[in-house]
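All remarks here apply to the structure that follows.
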Amino acid sequence: MASSNIPETITLPWASDFHCHLRQGAMMDTVTPMVEQGGVRTVLAMPNLTPPLTKTHMAVEYGQKLQKLAPNVHFILTLYLNPDLTPEETKKAAEAGITAVKVYPSGVTTNSDWGVLDFKIYYPTFAAMQEHNMVLCLHGECPSDADKGICILNAEERFLATLRELHEAFPKLRIVLEHATTKAAVDCVKSLGDTVACTITAHHLFITVDDWAGQPHHFCKPVAKFPTDRDALQQVVKSGHPRFFLGSDSAPHPRQAKQGEKPAAGVFTTPVLVPLVATLFEKLSCLDKLEGFISTNGRAFYQLPSLGPEDGSITLTRSAGWSVPASYEVQDSANTSDKPDTVVPFMANSKLTWSL
């Protein structure tokens, strides 16, 4: 889209974020009401809490808490894959309206210590998910293992063989490779069938390894990779490929957890999500593909109804002067300190060309 043809406003359906961490406690109370602020009214809520959401009733109760905090938002609920998730529990979850099951290979990211070591032992559960039309969401990395030559820079690419095996074993099971960061992942998903899709975050469309090395507020898992990998992510969203869509992986941590001796993995984008994506899409000259990426593609894959005028809309305004806030205060009534916790967003203090 040539610069002379860029409109001053863009009106779109509310966005859908198919991967978001809304946490618990004070952080949940703070960030959940920000979902709409970022232009989103449908959210796939991640289950890696403490303890993780491993049972149907736990996910349902969590959804009820989220709904109270953001009554206008549709929360898609997930379970954390674990040995207690039997075929019987899977059926129960599907009947309770739980849409997806999340797989965390053990130890690869925040609260993944309960994660998977051997995928084959879960094949009966995957068969039940396929039968009940659920979605398998994959954190697609192998655990780091120096003896096997695996580290955070190649962990995603080394995982892709597992994705292929799962798709071959369960061809009718809808699978989402989440937060892809590599050209290899893009090429792999494109090569597989229509039941395999991929989410891409806002921040991975912007940054490479140089942007998070030494910058804790840009550090997440999986880490951003090389310029050629970022280019592949940008090109696939620019193409409008229908099986690639927005999953922010927004993952807030208190400032002290991000700036400590061992920074926590996670980038926070929830309150500025759609303006971030719009800013990048203008740079890529593909604003005509924005609606598909933030709404249409993901809703089609998750078999959600299309949004119509009765569902409302958002309006982006082009403005070179709007900046991402420096931080957001965590609303914690239990904190008696005169210094409240804050959470720092991605691209804090940076100017964006679009705002809501």
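If you're wondering about the labels, chains in the structure tokens are A, B, ... by order shown, residues count from 1 in each chain, ligands from 1 in order shown.
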Next on the checklist: as a ChimeraX atom specification, please: every residue in stretch 182-224 of chain A that DSSP puts in strand (DSSP E or B).
Outcome noted: /A:196-200
Residues of stretch 199-239 of chain A at most 12 Å from stretch 156-168 of chain A: nearest atom pair and distance in Å, only C-alpha atoms, as CSV:
```
residue,atom,partner,partner_atom,distance
A:Lys221,CA,A:Glu156,CA,10.1
A:Pro222,CA,A:Glu156,CA,7.6
A:Val223,CA,A:Glu156,CA,9.6
A:Ala224,CA,A:Glu156,CA,10.8
A:Lys225,CA,A:Glu156,CA,10.2
A:Asp229,CA,A:Glu157,CA,11.2
```
Residues at most 8 Å from A:Tyr80, counting only C-alpha atoms, excluding those fewer than 4 positions away in the same chain, as a PDB file with N, CA, C and O atoms, in the first residue's frame?
```pdb
ATOM      1  N   PRO A  47      -2.845 -21.749  30.142  1.00  0.00           N
ATOM      2  CA  PRO A  47      -3.111 -22.448  31.403  1.00  0.00           C
ATOM      3  C   PRO A  47      -1.904 -22.630  32.309  1.00  0.00           C
ATOM      4  O   PRO A  47      -2.004 -23.334  33.312  1.00  0.00           O
ATOM      5  N   ASN A  48      -0.754 -22.017  32.002  1.00  0.00           N
ATOM      6  CA  ASN A  48       0.447 -22.274  32.814  1.00  0.00           C
ATOM      7  C   ASN A  48       0.495 -21.376  34.043  1.00  0.00           C
ATOM      8  O   ASN A  48       1.376 -20.548  34.222  1.00  0.00           O
ATOM      9  N   PRO A  52      -0.807 -25.310  37.517  1.00  0.00           N
ATOM     10  CA  PRO A  52      -1.358 -25.220  36.164  1.00  0.00           C
ATOM     11  C   PRO A  52      -2.784 -25.730  36.099  1.00  0.00           C
ATOM     12  O   PRO A  52      -3.237 -26.506  36.957  1.00  0.00           O
ATOM     13  N   LEU A  53      -3.499 -25.301  35.054  1.00  0.00           N
ATOM     14  CA  LEU A  53      -4.897 -25.707  34.864  1.00  0.00           C
ATOM     15  C   LEU A  53      -4.918 -27.093  34.217  1.00  0.00           C
ATOM     16  O   LEU A  53      -4.868 -27.232  32.995  1.00  0.00           O
ATOM     17  N   THR A  54      -4.981 -28.110  35.040  1.00  0.00           N
ATOM     18  CA  THR A  54      -4.886 -29.496  34.569  1.00  0.00           C
ATOM     19  C   THR A  54      -6.215 -30.233  34.579  1.00  0.00           C
ATOM     20  O   THR A  54      -6.303 -31.342  34.063  1.00  0.00           O
ATOM     21  N   VAL A 101      -6.004 -27.723  24.218  1.00  0.00           N
ATOM     22  CA  VAL A 101      -5.044 -28.261  25.186  1.00  0.00           C
ATOM     23  C   VAL A 101      -3.667 -27.729  24.805  1.00  0.00           C
ATOM     24  O   VAL A 101      -3.273 -27.774  23.639  1.00  0.00           O
ATOM     25  N   LYS A 102      -2.952 -27.229  25.786  1.00  0.00           N
ATOM     26  CA  LYS A 102      -1.637 -26.643  25.544  1.00  0.00           C
ATOM     27  C   LYS A 102      -0.537 -27.612  25.960  1.00  0.00           C
ATOM     28  O   LYS A 102      -0.572 -28.192  27.034  1.00  0.00           O
ATOM     29  N   VAL A 103       0.453 -27.746  25.081  1.00  0.00           N
ATOM     30  CA  VAL A 103       1.609 -28.599  25.340  1.00  0.00           C
ATOM     31  C   VAL A 103       2.818 -27.728  25.604  1.00  0.00           C
ATOM     32  O   VAL A 103       3.197 -26.899  24.774  1.00  0.00           O
ATOM     33  N   TYR A 104       3.434 -27.927  26.766  1.00  0.00           N
ATOM     34  CA  TYR A 104       4.711 -27.316  27.090  1.00  0.00           C
ATOM     35  C   TYR A 104       5.745 -28.425  27.251  1.00  0.00           C
ATOM     36  O   TYR A 104       5.668 -29.200  28.208  1.00  0.00           O
TER      37      TYR A 104
END
```
* To do: Any chance you could list, as number ranges by chain, the residues in stretch 117-270 of chain A that come up alpha helix (DSSP H) when DSSP is run on the backbone?
  => A: 123-131, 155-169, 183-191, 202-206, 209-212, 227-239, 255-258
(Q) With only C-alpha atoms as the counted atoms, please give the residues lying no more than 12 Å from A:Leu49, apart from itself and same-chain residues fewer than 2 positions off, as a PyMOL selection string. (A) chain A and resi 21-25+27-28+45-47+51-54+58-59+62+78-80+110-114+251
Counting only C-alpha atoms, closest pick from A:Leu192, A:Ile314, A:Leu153, A:Cys198 relative to A:Leu136 is A:Cys198
key: From A:Pro33, A:Gly39, A:Trp354, A:Gly214, residue lying nearest A:Glu261 [only C-alpha atoms]   =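 Nearest candidate to A:Glu261 out of A:Pro33, A:Gly39, A:Trp354, A:Gly214: A:Gly214.
The interatomic distance for the pair atom CA of A:Glu310 and atom CA of A:Ile98 works out to 25.1 Å.
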Original post:
For A:Val35, which residue out of A:His132, A:His204, A:Lys120, A:Ser250 is the nearest one, using only C-alpha atoms?
Top reply: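 Ranking A:His132, A:His204, A:Lys120, A:Ser250 by distance to A:Val35, first place goes to A:Ser250.
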As a check of understanding: the span from atom CA of A:Leu81 to atom CA of A:Phe126 is 10.0 Å
Exercise for the section: Would you mind reading off the distance between atom CA of A:Phe75 and atom CA of A:Gly63, one decimal, in Å? Expected result: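 Answer for the atom CA of A:Phe75 to atom CA of A:Gly63 separation: 6.7 Å.
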- [ ] May I have the residues within 10 Å of A:Glu329 as a VMD selection string, using only C-alpha atoms and disregarding those fewer than 4 positions away in the same chain?
- [x] chain A and resid 27 30 to 31 254 to 255 339 to 344
Dump of all heavy atoms for the selected residues, as an mmCIF file, in the first residue's frame:
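And here's again-v6.cif as it stands now:
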```cif
data_model
loop_
_atom_site.group_PDB
_atom_site.id
_atom_site.type_symbol
_atom_site.label_atom_id
_atom_site.label_comp_id
_atom_site.auth_asym_id
_atom_site.auth_seq_id
_atom_site.Cartn_x
_atom_site.Cartn_y
_atom_site.Cartn_z
ATOM 1 N N MET A 27 -1.684 -9.478 39.190
ATOM 2 C CA MET A 27 -1.331 -9.266 37.786
ATOM 3 C C MET A 27 -2.534 -9.558 36.882
ATOM 4 O O MET A 27 -2.798 -8.815 35.928
ATOM 5 C CB MET A 27 -0.148 -10.139 37.388
ATOM 6 C CG MET A 27 0.391 -9.843 35.992
ATOM 7 S SD MET A 27 1.089 -8.184 35.819
ATOM 8 C CE MET A 27 2.717 -8.434 36.541
ATOM 9 N N THR A 30 -4.902 -6.745 36.982
ATOM 10 C CA THR A 30 -4.395 -5.565 36.286
ATOM 11 C C THR A 30 -4.492 -5.699 34.774
ATOM 12 O O THR A 30 -4.973 -4.790 34.088
ATOM 13 C CB THR A 30 -2.927 -5.315 36.684
ATOM 14 O OG1 THR A 30 -2.849 -5.094 38.095
ATOM 15 C CG2 THR A 30 -2.362 -4.105 35.940
ATOM 16 N N VAL A 31 -4.033 -6.833 34.230
ATOM 17 C CA VAL A 31 -3.881 -6.912 32.769
ATOM 18 C C VAL A 31 -5.141 -7.375 32.046
ATOM 19 O O VAL A 31 -5.344 -7.019 30.874
ATOM 20 C CB VAL A 31 -2.697 -7.819 32.377
ATOM 21 C CG1 VAL A 31 -1.414 -7.329 33.021
ATOM 22 C CG2 VAL A 31 -2.942 -9.276 32.711
ATOM 23 N N PRO A 254 6.344 -8.626 36.706
ATOM 24 C CA PRO A 254 6.736 -7.399 37.395
ATOM 25 C C PRO A 254 8.129 -6.953 36.969
ATOM 26 O O PRO A 254 8.985 -7.772 36.618
ATOM 27 C CB PRO A 254 6.712 -7.804 38.880
ATOM 28 C CG PRO A 254 5.840 -9.009 38.945
ATOM 29 C CD PRO A 254 6.019 -9.722 37.645
ATOM 30 N N ARG A 255 8.348 -5.651 37.005
ATOM 31 C CA ARG A 255 9.624 -5.097 36.557
ATOM 32 C C ARG A 255 10.814 -5.790 37.227
ATOM 33 O O ARG A 255 11.812 -6.114 36.573
ATOM 34 C CB ARG A 255 9.676 -3.598 36.851
ATOM 35 C CG ARG A 255 10.961 -2.922 36.370
ATOM 36 C CD ARG A 255 11.057 -1.507 36.944
ATOM 37 N NE ARG A 255 10.030 -0.634 36.426
ATOM 38 C CZ ARG A 255 10.179 0.158 35.361
ATOM 39 N NH1 ARG A 255 11.315 0.166 34.695
ATOM 40 N NH2 ARG A 255 9.197 0.937 34.967
ATOM 41 N N LYS A 339 6.272 1.863 46.932
ATOM 42 C CA LYS A 339 6.693 1.701 45.550
ATOM 43 C C LYS A 339 5.919 0.536 44.930
ATOM 44 O O LYS A 339 6.289 -0.628 45.093
ATOM 45 C CB LYS A 339 8.195 1.436 45.463
ATOM 46 C CG LYS A 339 9.063 2.629 45.830
ATOM 47 C CD LYS A 339 10.527 2.320 45.595
ATOM 48 C CE LYS A 339 11.389 3.533 45.890
ATOM 49 N NZ LYS A 339 12.839 3.252 45.645
ATOM 50 N N PRO A 340 4.824 0.819 44.245
ATOM 51 C CA PRO A 340 4.037 -0.260 43.663
ATOM 52 C C PRO A 340 4.792 -0.963 42.543
ATOM 53 O O PRO A 340 5.677 -0.389 41.898
ATOM 54 C CB PRO A 340 2.803 0.474 43.097
ATOM 55 C CG PRO A 340 3.274 1.869 42.872
ATOM 56 C CD PRO A 340 4.270 2.144 43.951
ATOM 57 N N ASP A 341 4.439 -2.239 42.341
ATOM 58 C CA ASP A 341 4.998 -2.984 41.218
ATOM 59 C C ASP A 341 4.547 -2.352 39.913
ATOM 60 O O ASP A 341 3.442 -1.814 39.810
ATOM 61 C CB ASP A 341 4.521 -4.442 41.244
ATOM 62 C CG ASP A 341 5.263 -5.273 42.275
ATOM 63 O OD1 ASP A 341 6.377 -4.877 42.662
ATOM 64 O OD2 ASP A 341 4.733 -6.324 42.676
ATOM 65 N N THR A 342 5.394 -2.430 38.906
ATOM 66 C CA THR A 342 5.022 -1.995 37.569
ATOM 67 C C THR A 342 5.390 -3.087 36.574
ATOM 68 O O THR A 342 6.223 -3.950 36.851
ATOM 69 C CB THR A 342 5.737 -0.688 37.170
ATOM 70 O OG1 THR A 342 7.157 -0.881 37.234
ATOM 71 C CG2 THR A 342 5.336 0.452 38.082
ATOM 72 N N VAL A 343 4.739 -3.050 35.406
ATOM 73 C CA VAL A 343 5.073 -3.953 34.314
ATOM 74 C C VAL A 343 5.387 -3.084 33.099
ATOM 75 O O VAL A 343 4.665 -2.128 32.800
ATOM 76 C CB VAL A 343 3.934 -4.956 34.041
ATOM 77 C CG1 VAL A 343 2.615 -4.264 33.755
ATOM 78 C CG2 VAL A 343 4.296 -5.899 32.905
ATOM 79 N N VAL A 344 6.487 -3.405 32.439
ATOM 80 C CA VAL A 344 6.978 -2.596 31.324
ATOM 81 C C VAL A 344 6.527 -3.222 30.007
ATOM 82 O O VAL A 344 6.792 -4.400 29.754
ATOM 83 C CB VAL A 344 8.518 -2.490 31.355
ATOM 84 C CG1 VAL A 344 9.029 -1.694 30.144
ATOM 85 C CG2 VAL A 344 8.978 -1.835 32.649
#
```
Counting only C-alpha atoms, figure out which residue out of A:Glu291, A:Lys190, A:Leu69, A:Phe219 gets nearest to A:Ala26.
->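 Of A:Glu291, A:Lys190, A:Leu69, A:Phe219, the one nearest A:Ala26, counting only C-alpha atoms, is A:Leu69.
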